[in-house]
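Structure first, commentary second.
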Amino acid sequence: MFEQAFKRIDDILRKDAGVSSELDYIEQTSWVLFLKYLDALEQDRAQIAILHGKPHTFLLEEGFRWNAWAMPLNAAGTLDHNRALVGDDLRDFVDQKLLPYLRGFKQRADSPDTIEYKIGEIFGELRNKLQSGYNLREVIELVDTLRFNSQAEKHELSDLYEARIRNMGNAGRNGGEYYTPRPLIRAILAVVQPRIGETIYDGALGSAGFLCEAFARLNPQAKTVAAREQLQTKTFFGQEKKPLAYVIGLMNMILHGIDAPNIIHTNTLDQNNNDIEERDRHNVIVANPPFGGRERAEVQQNFPIKTSETAFLFLQHFIRKLRAGGRAGIVIKNTFLSNTDNASVSLRKLLLESCNLHTVLDCPGGTFQGAGVKTVVLFFTKGAPTRKVWFYQLNPGRNLGKTNPLNDDDLADFIEQQKTFADSPQSWSVDAAGIDKSTFDLSVKNPNGNEETVHRSPEEILDEIAALDAESAEILQSIRGLL
């Protein structure tokens, strides 16, 4: 049901002069889909209120509800063409009345912890880019065919929405900023093992994949009203800098069942690291900070270890943000383990001396589609220095790529072996006492000698070339800005 509708919507969007890319496709589908989902949520809440003999106050005023402007029905229960807006009338209503009304929710909300406030934030960032009101009418009628009544339908919706986010993330060179493979996220969560009653934080939120997967993992365990309330309001926290990623992440969480996520639209790195207090810290941190980003000199001043590498600043933030005894699983470029620059050496020293870096998962090339870099996942617990590091070199036995992505089975052995830090052809341990104190080098060097030469596909090589070219262009642009 959802997949076919999404394909037809994409066909319509391709015809519209105001929509030009995969990023636009998901943005424009999202705001219409969200309003339909919000209407279904409202109807469910109204029915529950009736069953309990309680009044229900709708979030939206009557003239701005789905069945008033989008799909007004006649007595037969079909679209009333006499009242349905179309063409310029529909486009003007959306641009001049509906969206300004929805943006106003942010000012009218009682607090930032409400769905009203989140509605205002979403539509404060989104714009209708469809220039044709006729195309918009077709999109609305397709979205109206979607139903969210059963858990199976909601699961199908969230899965397909994730697929669209993946396409959005891989549409440009910044794919790694948006999309982390969900099997990898599930493996990270299996290691850090978040529990109900703990707080979970992602300061590089992107499309909120880590928090959505954490909710999916914990939600079946929430057997009481108190536990469900805990998950909804006091568990998930995040921050995201980029407007579209923030909005997509916020809507993704709501579509997964978290009504009012505690996520903020801000540059996480703008906060001075020394200003983070105990009340700001979290039990669990899981994140994939952007690859190869560069930060301004004034942002670098917020951190004790100065570097322009965004991911290294994020790692300092995460260490500071973690509570004593808290657990983290952080994706980072594998060059972090061996870079010889002062910032990399100092950061490895900080990590090893202030945290127990117990596990390093070495991911193969192609794990992140289009990223063009290899990555590792750092698993650490704050509060005690590292004594021993367990390494696992993931080898799925095939080249990973767009048509052959990472899957849950690829990570099953890692999850099982990590429980006991077992030695195997893919895994080994290194005593911290033996690590060179002048470099703190953590290079992945499998002593079992089973490393195989993996011949990359032309697509992977071209992806890496494109990523490196884009990174070089960004650096040159920054230099030009200083001239």
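Quick note on naming: the chains in the structure tokens go A, B, ... in the order shown, residues restart at 1 in each chain, and ligands are numbered from 1 in order of appearance.
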| field | For Asp80 (chain A): contacts at 12 Å, only C-alpha atoms, fewer than 4 positions along chain excluded, given as number ranges by chain | value | A: 67-76, 84-86
Requested write-out: C-alpha atoms of the selected residues, as a PDB file, in the first residue's frame:
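Ended up saving to out_32.pdb:
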```pdb
ATOM      1  CA  ASN A  67     -11.073  16.738   6.374  1.00  0.00           C
ATOM      2  CA  ALA A  68     -11.663  20.477   6.011  1.00  0.00           C
ATOM      3  CA  TRP A  69      -8.983  21.642   3.570  1.00  0.00           C
ATOM      4  CA  ALA A  70      -7.377  18.467   2.156  1.00  0.00           C
ATOM      5  CA  MET A  71     -10.174  15.923   1.812  1.00  0.00           C
ATOM      6  CA  PRO A  72     -13.645  17.370   2.514  1.00  0.00           C
ATOM      7  CA  LEU A  73     -16.169  14.562   2.143  1.00  0.00           C
ATOM      8  CA  ASN A  74     -19.768  14.544   0.941  1.00  0.00           C
ATOM      9  CA  ALA A  75     -22.661  12.587   2.420  1.00  0.00           C
ATOM     10  CA  ALA A  76     -21.570   9.488   0.492  1.00  0.00           C
ATOM     11  CA  ALA A  84     -12.122  20.640  -2.328  1.00  0.00           C
ATOM     12  CA  LEU A  85      -9.503  23.267  -3.097  1.00  0.00           C
ATOM     13  CA  VAL A  86      -7.457  22.757  -6.250  1.00  0.00           C
TER      14      VAL A  86
END
```
Sel. of alpha helix (DSSP H) residues, region 309-361 of chain A, as a compact mmCIF listing (two decimals) with C-alpha atoms, in the first residue's frame:
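Generated file (part.txt):
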```
# COMPACT_ATOMS: atom_id res chain seq x y z
CA THR A 310 33.99 17.96 13.27
CA ALA A 311 33.94 14.31 14.36
CA PHE A 312 36.84 14.89 16.80
CA LEU A 313 35.00 17.80 18.40
CA PHE A 314 31.89 15.66 18.69
CA LEU A 315 33.88 12.90 20.39
CA GLN A 316 35.10 15.39 23.03
CA HIS A 317 31.49 16.52 23.50
CA PHE A 318 30.26 12.95 23.92
CA ILE A 319 32.93 12.09 26.51
CA ARG A 320 32.01 15.19 28.50
CA LYS A 321 28.28 14.58 28.07
CA ASN A 342 48.52 16.50 17.86
CA ALA A 343 44.72 16.61 18.12
CA SER A 344 44.29 12.91 17.27
CA VAL A 345 47.01 11.84 19.72
CA SER A 346 45.59 14.04 22.49
CA LEU A 347 42.06 12.79 21.88
CA ARG A 348 43.10 9.13 21.98
CA LYS A 349 44.95 9.86 25.23
CA LEU A 350 41.83 11.51 26.69
CA LEU A 351 39.63 8.60 25.63
CA LEU A 352 41.93 5.91 27.03
CA GLU A 353 42.61 7.69 30.31
CA SER A 354 39.09 8.91 31.14
```
| Contacts of Arg137 (chain A) at 12 Å (only C-alpha atoms; same-chain gap of 4+ positions) as a list of chain:residue names |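 Close residues of Arg137 (chain A): A:Ile9, A:Ile12, A:Leu13, A:Val32, A:Trp69, A:Ala70, A:Met71, A:Leu79, A:His81, A:Ala84, A:Leu85, A:Val86, A:Gly87, A:Asp88, A:Asp89, A:Leu90, A:Arg91, A:Val94, A:Leu130, A:Gln131, A:Ser132, A:Gly133, A:Glu141, A:Leu142, A:Val143, A:Asp144.
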Arg217 (chain A) surroundings by only C-alpha atoms, 10 Å radius, close-in-sequence under 2 positions cut, as a PDB file with C-alpha atoms, in the first residue's frame:
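What follows is the written file result-v1.pdb:
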```pdb
ATOM      1  CA  ARG A 186      20.934  -2.351  16.109  1.00  0.00           C
ATOM      2  CA  LEU A 189      22.432  -0.883  20.764  1.00  0.00           C
ATOM      3  CA  ALA A 190      22.894  -4.602  21.448  1.00  0.00           C
ATOM      4  CA  GLN A 193      22.138  -2.202  26.094  1.00  0.00           C
ATOM      5  CA  PRO A 194      20.018   0.833  27.027  1.00  0.00           C
ATOM      6  CA  ARG A 195      17.409   0.261  29.727  1.00  0.00           C
ATOM      7  CA  LEU A 211      16.795   7.068  18.767  1.00  0.00           C
ATOM      8  CA  CYS A 212      14.078   5.415  16.647  1.00  0.00           C
ATOM      9  CA  GLU A 213      15.846   2.054  16.870  1.00  0.00           C
ATOM     10  CA  ALA A 214      16.369   2.503  20.611  1.00  0.00           C
ATOM     11  CA  PHE A 215      12.643   3.169  21.015  1.00  0.00           C
ATOM     12  CA  ASN A 219       9.022  -0.147  23.669  1.00  0.00           C
ATOM     13  CA  PRO A 220       8.060  -3.876  23.978  1.00  0.00           C
ATOM     14  CA  GLN A 221       9.574  -3.837  27.479  1.00  0.00           C
TER      15      GLN A 221
END
```
| Pick from A:Leu378, A:Leu400, A:Ile305, A:Ile258 nearest to Asn288 (chain A), counting only C-alpha atoms | A:Leu378
| request: Find the spatial neighbours of region 280-284 of chain A, counting only C-alpha atoms, within a cut-off of 12 Å - ignore same-chain residues fewer than 3 positions away - and output them as JSON, numbers by chain. | output: {"A": [188, 189, 191, 192, 193, 194, 195, 196, 197, 198, 199, 200, 201, 202, 203, 210, 211, 214, 234, 235, 236, 237, 238, 271, 273, 274, 275, 276, 277, 287, 317, 318, 319, 320, 321, 322, 323, 324, 325, 326, 327, 328, 329, 330, 379, 380, 381, 382]}
| said: I want to know what sits within 7 Å of region 393-396 of chain A, based on only C-alpha atoms, with residues of the same chain fewer than 2 positions away left out; could you give that as a ChimeraX atom specification? | reply: /A:361-364,391,398,410,426-427
May I have the selected residues written with N, CA and C atoms, as an mmCIF file, in the first residue's frame?
```cif
data_model
loop_
_atom_site.group_PDB
_atom_site.id
_atom_site.type_symbol
_atom_site.label_atom_id
_atom_site.label_comp_id
_atom_site.auth_asym_id
_atom_site.auth_seq_id
_atom_site.Cartn_x
_atom_site.Cartn_y
_atom_site.Cartn_z
ATOM 1 N N LEU A 361 34.947 -1.907 16.895
ATOM 2 C CA LEU A 361 34.430 -2.661 15.749
ATOM 3 C C LEU A 361 34.952 -2.018 14.469
ATOM 4 N N ASP A 362 35.740 -2.757 13.719
ATOM 5 C CA ASP A 362 36.316 -2.273 12.462
ATOM 6 C C ASP A 362 35.386 -2.659 11.319
ATOM 7 N N CYS A 363 34.769 -1.663 10.705
ATOM 8 C CA CYS A 363 33.777 -1.912 9.644
ATOM 9 C C CYS A 363 34.448 -1.917 8.266
ATOM 10 N N PRO A 364 33.998 -2.777 7.367
ATOM 11 C CA PRO A 364 34.601 -2.843 6.032
ATOM 12 C C PRO A 364 34.168 -1.671 5.161
ATOM 13 N N PHE A 391 39.263 -5.880 19.875
ATOM 14 C CA PHE A 391 39.024 -5.488 18.487
ATOM 15 C C PHE A 391 38.269 -6.600 17.760
ATOM 16 N N ARG A 398 31.931 -10.526 1.500
ATOM 17 C CA ARG A 398 31.500 -10.027 0.180
ATOM 18 C C ARG A 398 31.738 -8.522 0.147
ATOM 19 N N ASP A 410 25.198 -10.219 9.190
ATOM 20 C CA ASP A 410 26.619 -9.888 9.112
ATOM 21 C C ASP A 410 27.201 -9.556 10.483
ATOM 22 N N GLN A 426 38.686 -13.290 13.720
ATOM 23 C CA GLN A 426 38.297 -11.904 13.468
ATOM 24 C C GLN A 426 38.510 -10.987 14.679
ATOM 25 N N SER A 427 38.865 -11.538 15.836
ATOM 26 C CA SER A 427 38.903 -10.721 17.046
ATOM 27 C C SER A 427 40.135 -11.003 17.888
#
```
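Between CA of Pro304 (chain A) and CA of Asp436 (chain A) there is a distance of 22.3 Å.
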| message | Can you pull out the residues contacting Ala208 (chain A)? Cut-off 9 Å, using only C-alpha atoms, and skip same-chain residues under 4 positions away; I want them as a PyMOL selection string. | response | chain A and resi 178-179+202+204+212-213+238+245-246+248-250+252-253
| field | A:Ala5, A:Glu116, A:Thr57, A:Ile254 ranked by distance to Ile140 (chain A), top pick (using only C-alpha atoms) | value | A:Ala5
